[in-house]
Protein chains: 2
Amino acid sequence: ISSLFQMENRPKTLITHPLSRRRIAFVNRPALGILPPENFPDKLFESLLSIAPSGMSRVQTMACGSCSNENAFKSMFIWYRNKERGYASPSEQEVGTCMINQSPGCPDLSILSFMGAFHGRTMGCLAATHSKAIHKLDIPSFDWPIAPFPKLQYPLEEFVRENAQEEARCLEEVEDLIVKWRQKGRPVAGIVIEPIQAEGGDNHASPDFFSKLRNIARKHGCAFHVDEVQTGGGTTGKFWAHENWGLDDPADVVSFSKKLLTGGYYHRDELQPDKPYRIFNTWMGDPSKNLFLSEVLNVIRRENLLEEVTRSGKALLQGLYALQTQYPHILSRARGQGTFCAIDACNDATRDSIMLKARNKGLFMGSCGEKTIRFRPALVFKEYHVHQLLNILNNILAEHK
Amino acid sequence: ISSLFQMENRPKTLITHPLSRRRIAFVNRPALGILPPENFPDKLFESLLSIAPSGMSRVQTMACGSCSNENAFKSMFIWYRNKERGYASPSEQEVGTCMINQSPGCPDLSILSFMGAFHGRTMGCLAATHSKAIHKLDIPSFDWPIAPFPKLQYPLEEFVRENAQEEARCLEEVEDLIVKWRQKGRPVAGIVIEPIQAEGGDNHASPDFFSKLRNIARKHGCAFHVDEVQTGGGTTGKFWAHENWGLDDPADVVSFSKKLLTGGYYHRDELQPDKPYRIFNTWMGDPSKNLFLSEVLNVIRRENLLEEVTRSGKALLQGLYALQTQYPHILSRARGQGTFCAIDACNDATRDSIMLKARNKGLFMGSCGEKTIRFRPALVFKEYHVHQLLNILNNILAEHK
C-alpha cells in the first residue's frame with residue numbers, strides 16, 4: 001500500500017487534508033478486527049448506529065449478507081451454549097472434541113427457518129434457505145427444522161380471519177418443531193425469519209404473527225433473528241421493515257447488507273461473544289462503505305425519502321390493485337409495503353414475457369418465487385415514476401393475448 | 001447512488017473523464033453476477049487473470065477468504081455430484097429433497113482437511129479448520145475426515161529421511177480416511193490444504209508431499225483445492241506458494257484473499273458449475289479492488305519485488321538460524337520460504353514477552369500456533385530492514401533471562 005502512494009508521487013502533506021483522509025480510507029483497507037482506524041467508532045455512530053433498530057445496542061460489520069447471517073448464527077450458538085453451561089468455562093472435553101468437529105465441542109444445535117426463506121448461500125445460511133432448488137442442490141446440509149411460512153390471501157385486510165387461521169397453524173407447527181428437535185438432541189438455538197420473504201415470492205405475514213413468533217422464541221429460550229438483508233434500508237417506508245410490527249420485546253439479532261452498502265448485524269448486549277476472536281474475519285467489511293452510508297443517510301433525511309417511499313408505495317400498490325381488477329386473467333395477489341411491492345402473473349411464461357416487454361420499454365423489474373414480479377425501485381422513486389411504470393405496464397397488458 | 005452524485009453537485013461531464021470513471025467504480029458497486037460493468041472482463045485480465053497459477057483458466061471473485069473457500073467447496077461438491085450423475089439432470093427426488101436439507105438432494109459429501117489447518121470461519125470452512133479451539137467451540141459442524149499434517153524437523157534439508165517418513169505416514173492416513181469415509185457413505189469430494197499451515201503454526205511440507213497428495217486426489221476422484229489465502233501474493237518469493245511444488249498435474253482450485261485485495265478462487269474449466277446462479281452472491285466482491293490490484297501488480301513487476309522478497313527472505317532465514325544457534329535455550333525451528341518465516345520460542349510466555357518488547361522498539365510481529373513468532377513483512381521489505389529486525393531481536397534476546 002505504501003508503494004501505491006509512492007507510485008502516484010503524491011506529496012505527503014496531502015495526507016493531512018480532510019478530503020485526502022477520506023481517500024486514504026478507500027485505499028488503506030484495514031484488518032478491522034485487529035487494527036481498526038482510530039475514528040472507526042465515530043464513523044459507526046454516524047452511519048450504522050444512527051439507524052439502529054430499537055433494542056439493538058451493538059453492531060458487527062461484515063462483508064456481505066451471507067457472512068452477516070453466518071456470523072449471526074454463530075453468535076446465537078455461542079450465546080445458547082454459554083447459557084447451557086451457566087457461563088462457566090468450557091470443559092476439557094468440549095475444547096478437545098471441537099477440534100475434530102465432534103459433540104459436545106461442536107454441539108448438534110440447530111436454527112429453525114421457514115419454507116420459502118432465503119438467508120444466503122454459504123453452508124450455514126444455505127441450511128436455512130429454502131426458496132429454490134438450484135441454490136441447494138448437491139451441497140451437504142444440516143438436519144435443521146423447517147416450519148411452514150403462512151400462505152396468506154391478499155389484500156391482507158380483506159382476509160383477516162382466514163389469514164389469522166393460517167398464521168396460527170404455522171405458529172403451532174413452529175412450537176411442535178422446537179419440541180421435536182429438542183427431543184431428538186438438536187435443540188433450536190435460534191429462529192431466523194425475513195419480514196417479507198423476498199426470494200421466496202414476496203410472502204407477507206401480519207405483525208401479530210411476528211410478535212407471537214418472537215414470544216415463542218422467548219418461551220423456548222431460542223434467539224430471535226430478523227434477516228433484513230433484502231428489506232432493510234427504507235424501501236418498506238420504515239428504515240427497518242420489522243419496525244412495522246411494534247414488538248414490545250425486540251429481536252435479538254437484526255442482519256443487513258445490500259442497501260446498507262456494508263453487511264453486518266445488530267444485536268443485543270447479551271449476544272456479544274464472551275471472548276475476542278470468536279466472531280472474526282480479517283476484513284469484517286470495509287470501513288469505506290460506512291463513509292458512503294453516512295452520506296446516503298444524510299440524503300435520506302434531508303430529502304425525507306422514507307415519506308416519499310410511503311407516498312409512492314401507496315400509489316404503486318393502488319395502481320397494481322387497479323391493474324389486477326382490469327386484467328384478472330393475467331394478474332393477481334398484488335401486495336406490498338412501501339415500494340417493496342409484488343404482483344403475481346398467471347404463470348411463469350406470462351411473467352417472463354411481461355418483464356421482457358417492459359424492459360424493452362425501459363422498465364426494469366425483477367422476478368421472485370414461481371410467477372411473481374417484484375418491484376424494488378430506489379428510494380428516489382417518486383409518484384411520477386409510479387405513473388410512468390403503470391402506463392408502461394398497462395400498455396403491455398392491453399396488448400397481451 | 002444517483003442521489004450521492006446529485007448531492008455532490010458534480011457536473012455530469014466529469015463522468016467521461018478517465019479519472020472520474022475510476023472514481024465511479026469506487027462509488028457504484030455493482031451486483032456483479034447480474035450487472036457487471038462493461039469493462040469487467042478487461043479489468044480481470046489486467047489484474048487477477050494476469051497472475052493465474054498454471055492450469056487455472058477461470059477466476060471467480062468473492063468478498064473475503066471465507067466466502068472464497070465456501071464457494072470453492074460448493075463448486076467441488078457440484079462437480080463431484082455431476083460426475084456421479086453422469087452429467088444427467090438431477091432427479092425429481094434430488095430436487096425435492098434438497099429443499100428440506102435431505103439426501104440425495106443435499107448429499108452427505110465431505111471435504112478432507114488437515115489437523116492444524118485454517119480455512120475460514122463460516123460454517124463450511126470452519127468444518128475444515130482445526131487450528132484453535134476458540135474458532136470452533138459451540139458451532140455445529142460436519143462429520144468430515146481430518147488427516148494429520150506432517151510434523152517435520154527443521155531445517156528441512158537436514159532431516160530429509162526422517163521428514164520423508166513422516167510425510168509417508170500422513171499420506172497413508174489420507175488414503176485410509178478417503179476409503180473409510182466412502183464406506184460410511186460420506187465420500188470425499190475434495191481435499192483442501194494450505195501450502196504452509198499459517199494459523200496452525202507455520203508448518204511446512206515438502207514439494208514431494210504435496211505432489212503425492214495431488215496424485216491421491218486424482219486417484220480417488222477428489223478435487224484438489226490449494227488454499228493460498230495466507231500464502232498467495234508474493235511473500236514466499238513466488239506469486240503463489242504452490243508454484244514451488246512443480247506439479248505436473250495442476251490443482252483444481254486455488255483460493256485467495258488478503259494480499260490480493262479481493263477474495264476469490266481460480267479453477268479449472270471442469271469446475272465451472274453447469275448452470276448460472278449455482279455459485280452466486282449479490283456482490284461477489286467489489287470490482288474497485290481489481291483496480292487497486294492492477295496497480296499493485298504494476299509495482300511488483302516494475303520494482304522486481306518477488307526477487308527482493310527472495311533476497312530479503314534468505315537474509316532473514318539466515319539471521320534466524322544464527323539467532324537460534326546463539327540462543328538455543330530460547331529459540332528453535334527457524335523456517336520459511338521467502339519472507340514468510342517463523343521461529344519457535346521455548347514457550348508461549350517467552351514468545352509473548354519477546355513480541356511485546358519488540359513492539360515497543362518499533363518491530364511488529366505476529367504469533368501463530370502455540371509458541372511461534374511469525375514474520376509477515378510487506379513486499380517492500382528490503383535487506384536493510386532485515387538487519388534492523390535482527391538487531392532489535394538480538395538486543396531483546398541478549399537481555400532475556
# chains A, B, ... in the order shown; residues from 1 in each chain; ligands from 1
call {"tool": "interface_residues", "arguments": {"of": "chain B", "to": "chain A", "cutoff": "7 Å", "atoms": "only C-alpha atoms", "output": "VMD selection string"}}
result
chain B and resid 4 63 67 70 74 77 to 78 81 95 98 to 99 101 105 to 109 122 to 124 127 130 133 to 143 278 296
call {"tool": "residues_around", "arguments": {"residues": "Lys43 of chain A", "least_positions_apart": "3", "cutoff": "10 Å", "atoms": "only C-alpha atoms", "output": "ChimeraX atom specification"}}
result
/A:37-40,46-50,287-288,290-291,293-294
call {"tool": "write_last_selection", "arguments": {"atoms": "N, CA and C atoms", "output": "mmCIF file, in the first residue's frame"}}
result
data_model
loop_
_atom_site.group_PDB
_atom_site.id
_atom_site.type_symbol
_atom_site.label_atom_id
_atom_site.label_comp_id
_atom_site.auth_asym_id
_atom_site.auth_seq_id
_atom_site.Cartn_x
_atom_site.Cartn_y
_atom_site.Cartn_z
ATOM 1 N N PRO A 37 -9.224 1.645 12.170
ATOM 2 C CA PRO A 37 -8.798 3.053 12.156
ATOM 3 C C PRO A 37 -9.284 3.744 13.439
ATOM 4 N N GLU A 38 -8.508 4.720 13.874
ATOM 5 C CA GLU A 38 -8.815 5.388 15.144
ATOM 6 C C GLU A 38 -10.239 5.938 15.170
ATOM 7 N N ASN A 39 -10.705 6.450 14.021
ATOM 8 C CA ASN A 39 -12.021 7.100 14.001
ATOM 9 C C ASN A 39 -13.161 6.118 13.716
ATOM 10 N N PHE A 40 -12.873 4.842 13.747
ATOM 11 C CA PHE A 40 -13.895 3.867 13.347
ATOM 12 C C PHE A 40 -15.154 3.928 14.221
ATOM 13 N N GLU A 46 -21.969 7.662 13.228
ATOM 14 C CA GLU A 46 -22.555 8.495 12.154
ATOM 15 C C GLU A 46 -23.340 7.663 11.138
ATOM 16 N N SER A 47 -22.961 6.398 11.020
ATOM 17 C CA SER A 47 -23.587 5.593 9.967
ATOM 18 C C SER A 47 -24.507 4.543 10.604
ATOM 19 N N LEU A 48 -24.026 3.334 10.791
ATOM 20 C CA LEU A 48 -24.899 2.224 11.193
ATOM 21 C C LEU A 48 -25.596 2.450 12.526
ATOM 22 N N LEU A 49 -24.879 2.986 13.511
ATOM 23 C CA LEU A 49 -25.506 3.097 14.832
ATOM 24 C C LEU A 49 -26.572 4.188 14.879
ATOM 25 N N SER A 50 -26.505 5.134 13.920
ATOM 26 C CA SER A 50 -27.522 6.205 13.909
ATOM 27 C C SER A 50 -28.883 5.671 13.456
ATOM 28 N N PRO A 287 -14.441 -0.312 5.993
ATOM 29 C CA PRO A 287 -14.925 0.926 6.617
ATOM 30 C C PRO A 287 -15.270 2.021 5.610
ATOM 31 N N SER A 288 -14.718 1.947 4.406
ATOM 32 C CA SER A 288 -15.051 2.991 3.422
ATOM 33 C C SER A 288 -16.545 2.955 3.093
ATOM 34 N N ASN A 290 -18.904 2.571 5.210
ATOM 35 C CA ASN A 290 -19.586 3.369 6.226
ATOM 36 C C ASN A 290 -19.592 4.849 5.867
ATOM 37 N N LEU A 291 -18.505 5.293 5.219
ATOM 38 C CA LEU A 291 -18.450 6.700 4.811
ATOM 39 C C LEU A 291 -19.537 6.979 3.776
ATOM 40 N N LEU A 293 -22.245 5.271 3.441
ATOM 41 C CA LEU A 293 -23.549 5.132 4.099
ATOM 42 C C LEU A 293 -23.938 6.419 4.835
ATOM 43 N N SER A 294 -22.972 7.050 5.528
ATOM 44 C CA SER A 294 -23.296 8.320 6.213
ATOM 45 C C SER A 294 -23.890 9.326 5.237
#
call {"tool": "residues_around", "arguments": {"residues": "Lys314 of chain A", "least_positions_apart": "6", "cutoff": "9 Å", "atoms": "only C-alpha atoms", "output": "JSON, numbers by chain"}}
result
{"A": [336, 337, 338, 339]}
call {"tool": "write_last_selection", "arguments": {"atoms": "C-alpha atoms", "output": "mmCIF file, in the first residue's frame"}}
result
data_model
loop_
_atom_site.group_PDB
_atom_site.id
_atom_site.type_symbol
_atom_site.label_atom_id
_atom_site.label_comp_id
_atom_site.auth_asym_id
_atom_site.auth_seq_id
_atom_site.Cartn_x
_atom_site.Cartn_y
_atom_site.Cartn_z
ATOM 1 C CA GLY A 336 -46.561 -4.605 -0.750
ATOM 2 C CA GLN A 337 -45.211 -2.371 1.948
ATOM 3 C CA GLY A 338 -43.778 0.972 0.851
ATOM 4 C CA THR A 339 -42.399 0.448 -2.636
#
call {"tool": "residues_around", "arguments": {"residues": "Glu370 of chain A", "least_positions_apart": "5", "cutoff": "8 Å", "atoms": "only C-alpha atoms", "output": "MDAnalysis selection string"}}
result
chainID A and resid 201 347:348
call {"tool": "write_last_selection", "arguments": {"atoms": "C-alpha atoms", "output": "short mmCIF file (atom, residue, chain, number, x, y, z; two decimals), in the first residue's frame"}}
result
data_model
loop_
_atom_site.label_atom_id
_atom_site.label_comp_id
_atom_site.auth_asym_id
_atom_site.auth_seq_id
_atom_site.Cartn_x
_atom_site.Cartn_y
_atom_site.Cartn_z
CA GLY A 201 -42.00 -14.90 -3.72
CA ASN A 347 -47.87 -18.40 -14.89
CA ASP A 348 -44.12 -18.05 -15.24
#
call {"tool": "atom_distance", "arguments": {"atom1": "atom CA of Ala168 of chain B", "atom2": "atom CA of Ser54 of chain B"}}
result
26.3 Å
call {"tool": "select_by_dssp", "arguments": {"residues": "segment 195-285 of chain A", "states": "helix (DSSP H, G or I)", "output": "MDAnalysis selection string"}}
result
chainID A and resid 207:220 241:245 258:260 269:271
call {"tool": "write_last_selection", "arguments": {"atoms": "N, CA and C atoms", "output": "mmCIF file, in the first residue's frame"}}
result
data_model
loop_
_atom_site.group_PDB
_atom_site.id
_atom_site.type_symbol
_atom_site.label_atom_id
_atom_site.label_comp_id
_atom_site.auth_asym_id
_atom_site.auth_seq_id
_atom_site.Cartn_x
_atom_site.Cartn_y
_atom_site.Cartn_z
ATOM 1 N N PRO A 207 -48.147 -8.357 11.529
ATOM 2 C CA PRO A 207 -47.384 -8.006 12.741
ATOM 3 C C PRO A 207 -47.719 -8.958 13.892
ATOM 4 N N ASP A 208 -48.956 -9.392 13.966
ATOM 5 C CA ASP A 208 -49.373 -10.303 15.025
ATOM 6 C C ASP A 208 -48.617 -11.631 14.935
ATOM 7 N N PHE A 209 -48.451 -12.140 13.695
ATOM 8 C CA PHE A 209 -47.702 -13.383 13.503
ATOM 9 C C PHE A 209 -46.277 -13.242 14.037
ATOM 10 N N PHE A 210 -45.612 -12.152 13.640
ATOM 11 C CA PHE A 210 -44.216 -11.984 14.023
ATOM 12 C C PHE A 210 -44.080 -11.778 15.526
ATOM 13 N N SER A 211 -45.029 -11.073 16.127
ATOM 14 C CA SER A 211 -44.846 -10.830 17.552
ATOM 15 C C SER A 211 -45.150 -12.100 18.352
ATOM 16 N N LYS A 212 -46.066 -12.938 17.857
ATOM 17 C CA LYS A 212 -46.272 -14.235 18.514
ATOM 18 C C LYS A 212 -45.053 -15.150 18.322
ATOM 19 N N LEU A 213 -44.447 -15.061 17.156
ATOM 20 C CA LEU A 213 -43.248 -15.864 16.900
ATOM 21 C C LEU A 213 -42.122 -15.454 17.852
ATOM 22 N N ARG A 214 -41.993 -14.137 18.048
ATOM 23 C CA ARG A 214 -40.983 -13.638 18.982
ATOM 24 C C ARG A 214 -41.241 -14.206 20.386
ATOM 25 N N ASN A 215 -42.522 -14.256 20.769
ATOM 26 C CA ASN A 215 -42.861 -14.794 22.095
ATOM 27 C C ASN A 215 -42.535 -16.282 22.205
ATOM 28 N N ILE A 216 -42.760 -17.011 21.120
ATOM 29 C CA ILE A 216 -42.418 -18.443 21.123
ATOM 30 C C ILE A 216 -40.907 -18.618 21.312
ATOM 31 N N ALA A 217 -40.125 -17.796 20.598
ATOM 32 C CA ALA A 217 -38.664 -17.867 20.747
ATOM 33 C C ALA A 217 -38.287 -17.619 22.207
ATOM 34 N N ARG A 218 -38.842 -16.592 22.788
ATOM 35 C CA ARG A 218 -38.567 -16.244 24.190
ATOM 36 C C ARG A 218 -38.947 -17.408 25.111
ATOM 37 N N LYS A 219 -40.136 -17.960 24.896
ATOM 38 C CA LYS A 219 -40.651 -19.037 25.749
ATOM 39 C C LYS A 219 -39.730 -20.259 25.725
ATOM 40 N N HIS A 220 -39.166 -20.579 24.545
ATOM 41 C CA HIS A 220 -38.354 -21.797 24.424
ATOM 42 C C HIS A 220 -36.855 -21.518 24.531
ATOM 43 N N ALA A 241 -38.001 -2.973 8.069
ATOM 44 C CA ALA A 241 -39.358 -3.468 7.854
ATOM 45 C C ALA A 241 -39.972 -3.951 9.154
ATOM 46 N N HIS A 242 -39.160 -4.526 10.055
ATOM 47 C CA HIS A 242 -39.755 -5.096 11.267
ATOM 48 C C HIS A 242 -40.206 -4.012 12.253
ATOM 49 N N GLU A 243 -39.866 -2.748 11.983
ATOM 50 C CA GLU A 243 -40.384 -1.670 12.830
ATOM 51 C C GLU A 243 -41.905 -1.543 12.691
ATOM 52 N N ASN A 244 -42.462 -2.125 11.629
ATOM 53 C CA ASN A 244 -43.921 -2.121 11.466
ATOM 54 C C ASN A 244 -44.637 -3.054 12.445
ATOM 55 N N TRP A 245 -43.876 -3.936 13.110
ATOM 56 C CA TRP A 245 -44.545 -4.916 13.974
ATOM 57 C C TRP A 245 -44.882 -4.375 15.357
ATOM 58 N N LYS A 258 -26.737 -5.271 1.358
ATOM 59 C CA LYS A 258 -27.308 -4.615 0.173
ATOM 60 C C LYS A 258 -27.419 -3.094 0.313
ATOM 61 N N LYS A 259 -28.639 -2.561 0.531
ATOM 62 C CA LYS A 259 -28.842 -1.112 0.552
ATOM 63 C C LYS A 259 -28.022 -0.422 1.633
ATOM 64 N N LEU A 260 -27.573 -1.188 2.640
ATOM 65 C CA LEU A 260 -26.754 -0.591 3.695
ATOM 66 C C LEU A 260 -25.300 -0.428 3.244
ATOM 67 N N ASP A 269 -26.949 -6.705 23.769
ATOM 68 C CA ASP A 269 -25.747 -6.879 24.574
ATOM 69 C C ASP A 269 -25.426 -8.342 24.850
ATOM 70 N N GLU A 270 -26.477 -9.092 25.231
ATOM 71 C CA GLU A 270 -26.221 -10.468 25.678
ATOM 72 C C GLU A 270 -25.765 -11.387 24.554
ATOM 73 N N LEU A 271 -25.897 -10.955 23.305
ATOM 74 C CA LEU A 271 -25.418 -11.765 22.182
ATOM 75 C C LEU A 271 -23.947 -11.490 21.865
#
call {"tool": "residues_around", "arguments": {"residues": "segment 154-162 of chain A", "least_positions_apart": "4", "cutoff": "9 Å", "atoms": "only C-alpha atoms", "output": "mmCIF file with C-alpha atoms, in the first residue's frame"}}
result
data_model
loop_
_atom_site.group_PDB
_atom_site.id
_atom_site.type_symbol
_atom_site.label_atom_id
_atom_site.label_comp_id
_atom_site.auth_asym_id
_atom_site.auth_seq_id
_atom_site.Cartn_x
_atom_site.Cartn_y
_atom_site.Cartn_z
ATOM 1 C CA GLU A 166 -53.273 -19.860 8.591
ATOM 2 C CA GLU A 167 -50.795 -17.978 10.777
ATOM 3 C CA HIS A 204 -46.048 -11.290 3.777
ATOM 4 C CA ALA A 205 -47.298 -12.071 7.271
ATOM 5 C CA SER A 206 -49.049 -9.922 9.862
ATOM 6 C CA TYR A 321 -54.814 -3.243 -7.473
ATOM 7 C CA SER A 332 -53.467 -11.338 -9.033
ATOM 8 C CA ARG A 333 -52.319 -11.049 -5.434
ATOM 9 C CA ALA A 334 -50.905 -7.500 -5.559
ATOM 10 C CA ARG A 335 -49.184 -6.837 -2.250
#
call {"tool": "select_by_dssp", "arguments": {"residues": "segment 19-197 of chain A", "states": "strand (DSSP E)", "output": "list in words"}}
result
Arg58, Val59, Gln60, Thr61, Met62, Ser110, Ile111, Leu112, Ser113, Phe114, Ile146, Ala147, Val188, Ala189, Gly190, Ile191, Val192 and Ile193 of chain A
call {"tool": "write_last_selection", "arguments": {"atoms": "all heavy atoms", "output": "CSV table (one decimal), in the first residue's frame"}}
result
chain,number,residue,atom,x,y,z
A,58,ARG,N,-25.6,-2.9,19.8
A,58,ARG,CA,-24.3,-3.2,19.2
A,58,ARG,C,-24.5,-3.6,17.7
A,58,ARG,O,-25.5,-4.1,17.3
A,58,ARG,CB,-23.6,-4.4,19.9
A,58,ARG,CG,-23.2,-4.0,21.3
A,58,ARG,CD,-22.9,-5.3,22.1
A,58,ARG,NE,-22.7,-5.0,23.5
A,58,ARG,CZ,-21.5,-4.8,24.0
A,58,ARG,NH1,-20.4,-5.0,23.2
A,58,ARG,NH2,-21.3,-4.6,25.3
A,59,VAL,N,-23.4,-3.3,17.0
A,59,VAL,CA,-23.3,-3.7,15.6
A,59,VAL,C,-22.0,-4.4,15.2
A,59,VAL,O,-21.0,-4.0,15.8
A,59,VAL,CB,-23.6,-2.5,14.7
A,59,VAL,CG1,-22.4,-1.5,14.7
A,59,VAL,CG2,-23.9,-2.9,13.2
A,60,GLN,N,-22.1,-5.4,14.4
A,60,GLN,CA,-20.9,-6.1,13.9
A,60,GLN,C,-20.9,-5.9,12.4
A,60,GLN,O,-21.9,-6.4,11.8
A,60,GLN,CB,-21.0,-7.5,14.4
A,60,GLN,CG,-19.9,-8.4,13.8
A,60,GLN,CD,-18.5,-8.0,14.3
A,60,GLN,OE1,-18.2,-8.1,15.5
A,60,GLN,NE2,-17.6,-7.5,13.4
A,61,THR,N,-19.9,-5.3,11.8
A,61,THR,CA,-19.9,-5.2,10.3
A,61,THR,C,-19.3,-6.5,9.7
A,61,THR,O,-18.5,-7.2,10.4
A,61,THR,CB,-19.0,-4.0,9.9
A,61,THR,OG1,-17.7,-4.1,10.4
A,61,THR,CG2,-19.7,-2.7,10.3
A,62,MET,N,-19.7,-6.8,8.5
A,62,MET,CA,-19.3,-8.0,7.8
A,62,MET,C,-19.3,-7.6,6.3
A,62,MET,O,-19.9,-6.6,5.9
A,62,MET,CB,-20.1,-9.2,8.0
A,62,MET,CG,-19.9,-9.9,9.3
A,62,MET,SD,-18.3,-10.8,9.3
A,62,MET,CE,-18.0,-10.9,11.1
A,110,SER,N,-29.4,-26.4,16.3
A,110,SER,CA,-30.0,-26.1,15.0
A,110,SER,C,-30.5,-24.7,15.0
A,110,SER,O,-30.7,-24.0,16.0
A,110,SER,CB,-31.1,-27.1,14.7
A,110,SER,OG,-32.1,-27.0,15.7
A,111,ILE,N,-30.8,-24.2,13.8
A,111,ILE,CA,-31.5,-22.9,13.5
A,111,ILE,C,-32.9,-23.3,12.9
A,111,ILE,O,-32.9,-24.0,11.9
A,111,ILE,CB,-30.7,-22.0,12.6
A,111,ILE,CG1,-29.3,-21.7,13.2
A,111,ILE,CG2,-31.5,-20.8,12.2
A,111,ILE,CD1,-29.3,-20.7,14.4
A,112,LEU,N,-33.9,-22.8,13.4
A,112,LEU,CA,-35.2,-23.0,12.8
A,112,LEU,C,-35.5,-21.9,11.7
A,112,LEU,O,-35.4,-20.7,12.0
A,112,LEU,CB,-36.4,-23.0,13.8
A,112,LEU,CG,-37.8,-23.3,13.3
A,112,LEU,CD1,-38.6,-24.2,14.2
A,112,LEU,CD2,-38.5,-22.0,12.9
A,113,SER,N,-35.8,-22.4,10.5
A,113,SER,CA,-36.1,-21.5,9.4
A,113,SER,C,-37.4,-21.8,8.8
A,113,SER,O,-38.1,-22.8,9.2
A,113,SER,CB,-34.9,-21.6,8.4
A,113,SER,OG,-34.8,-22.9,7.9
A,114,PHE,N,-37.8,-21.1,7.8
A,114,PHE,CA,-39.1,-21.2,7.2
A,114,PHE,C,-39.0,-21.7,5.7
A,114,PHE,O,-38.1,-21.2,5.0
A,114,PHE,CB,-39.9,-19.9,7.3
A,114,PHE,CG,-40.4,-19.7,8.7
A,114,PHE,CD1,-39.5,-19.1,9.6
A,114,PHE,CD2,-41.6,-20.1,9.1
A,114,PHE,CE1,-39.9,-18.9,10.9
A,114,PHE,CE2,-42.0,-19.9,10.4
A,114,PHE,CZ,-41.1,-19.3,11.4
A,146,ILE,N,-37.6,-27.0,9.6
A,146,ILE,CA,-38.1,-26.0,8.7
A,146,ILE,C,-39.6,-25.9,8.9
A,146,ILE,O,-40.4,-26.9,8.7
A,146,ILE,CB,-37.9,-26.5,7.2
A,146,ILE,CG1,-36.4,-26.9,7.1
A,146,ILE,CG2,-38.3,-25.4,6.2
A,146,ILE,CD1,-36.1,-27.8,5.9
A,147,ALA,N,-40.1,-24.7,9.3
A,147,ALA,CA,-41.5,-24.5,9.5
A,147,ALA,C,-42.2,-24.0,8.3
A,147,ALA,O,-41.5,-23.3,7.4
A,147,ALA,CB,-41.7,-23.6,10.7
A,188,VAL,N,-33.1,-26.1,19.2
A,188,VAL,CA,-33.1,-24.9,18.3
A,188,VAL,C,-32.5,-23.8,19.1
A,188,VAL,O,-33.0,-23.3,20.1
A,188,VAL,CB,-34.6,-24.6,17.9
A,188,VAL,CG1,-34.6,-23.3,17.2
A,188,VAL,CG2,-35.2,-25.7,17.1
A,189,ALA,N,-31.3,-23.3,18.7
A,189,ALA,CA,-30.7,-22.2,19.3
A,189,ALA,C,-31.2,-20.8,18.9
A,189,ALA,O,-31.2,-19.9,19.6
A,189,ALA,CB,-29.2,-22.2,19.0
A,190,GLY,N,-31.8,-20.8,17.7
A,190,GLY,CA,-32.3,-19.5,17.1
A,190,GLY,C,-33.3,-19.8,16.0
A,190,GLY,O,-33.3,-20.8,15.4
A,191,ILE,N,-34.2,-18.8,15.9
A,191,ILE,CA,-35.2,-18.8,14.8
A,191,ILE,C,-34.8,-17.6,13.9
A,191,ILE,O,-34.6,-16.5,14.4
A,191,ILE,CB,-36.6,-18.5,15.4
A,191,ILE,CG1,-37.0,-19.7,16.3
A,191,ILE,CG2,-37.6,-18.3,14.3
A,191,ILE,CD1,-38.4,-19.5,17.0
A,192,VAL,N,-34.8,-17.9,12.6
A,192,VAL,CA,-34.4,-16.8,11.7
A,192,VAL,C,-35.6,-16.6,10.7
A,192,VAL,O,-36.2,-17.6,10.2
A,192,VAL,CB,-33.1,-17.1,10.9
A,192,VAL,CG1,-33.2,-18.3,10.1
A,192,VAL,CG2,-32.7,-15.9,10.1
A,193,ILE,N,-35.9,-15.4,10.4
A,193,ILE,CA,-37.0,-15.1,9.5
A,193,ILE,C,-36.9,-13.7,8.8
A,193,ILE,O,-36.2,-12.8,9.4
A,193,ILE,CB,-38.4,-15.1,10.3
A,193,ILE,CG1,-39.6,-15.2,9.4
A,193,ILE,CG2,-38.5,-13.9,11.3
A,193,ILE,CD1,-40.8,-15.7,10.0
call {"tool": "atom_distance", "arguments": {"atom1": "atom CA of Glu194 of chain A", "atom2": "atom CA of Ala52 of chain A"}}
result
17.2 Å
call {"tool": "closest_residue", "arguments": {"among": "B:Thr350, B:Thr236, B:Asn394, B:Ser367", "to": "Val309 of chain B", "atoms": "only C-alpha atoms"}}
result
B:Thr236
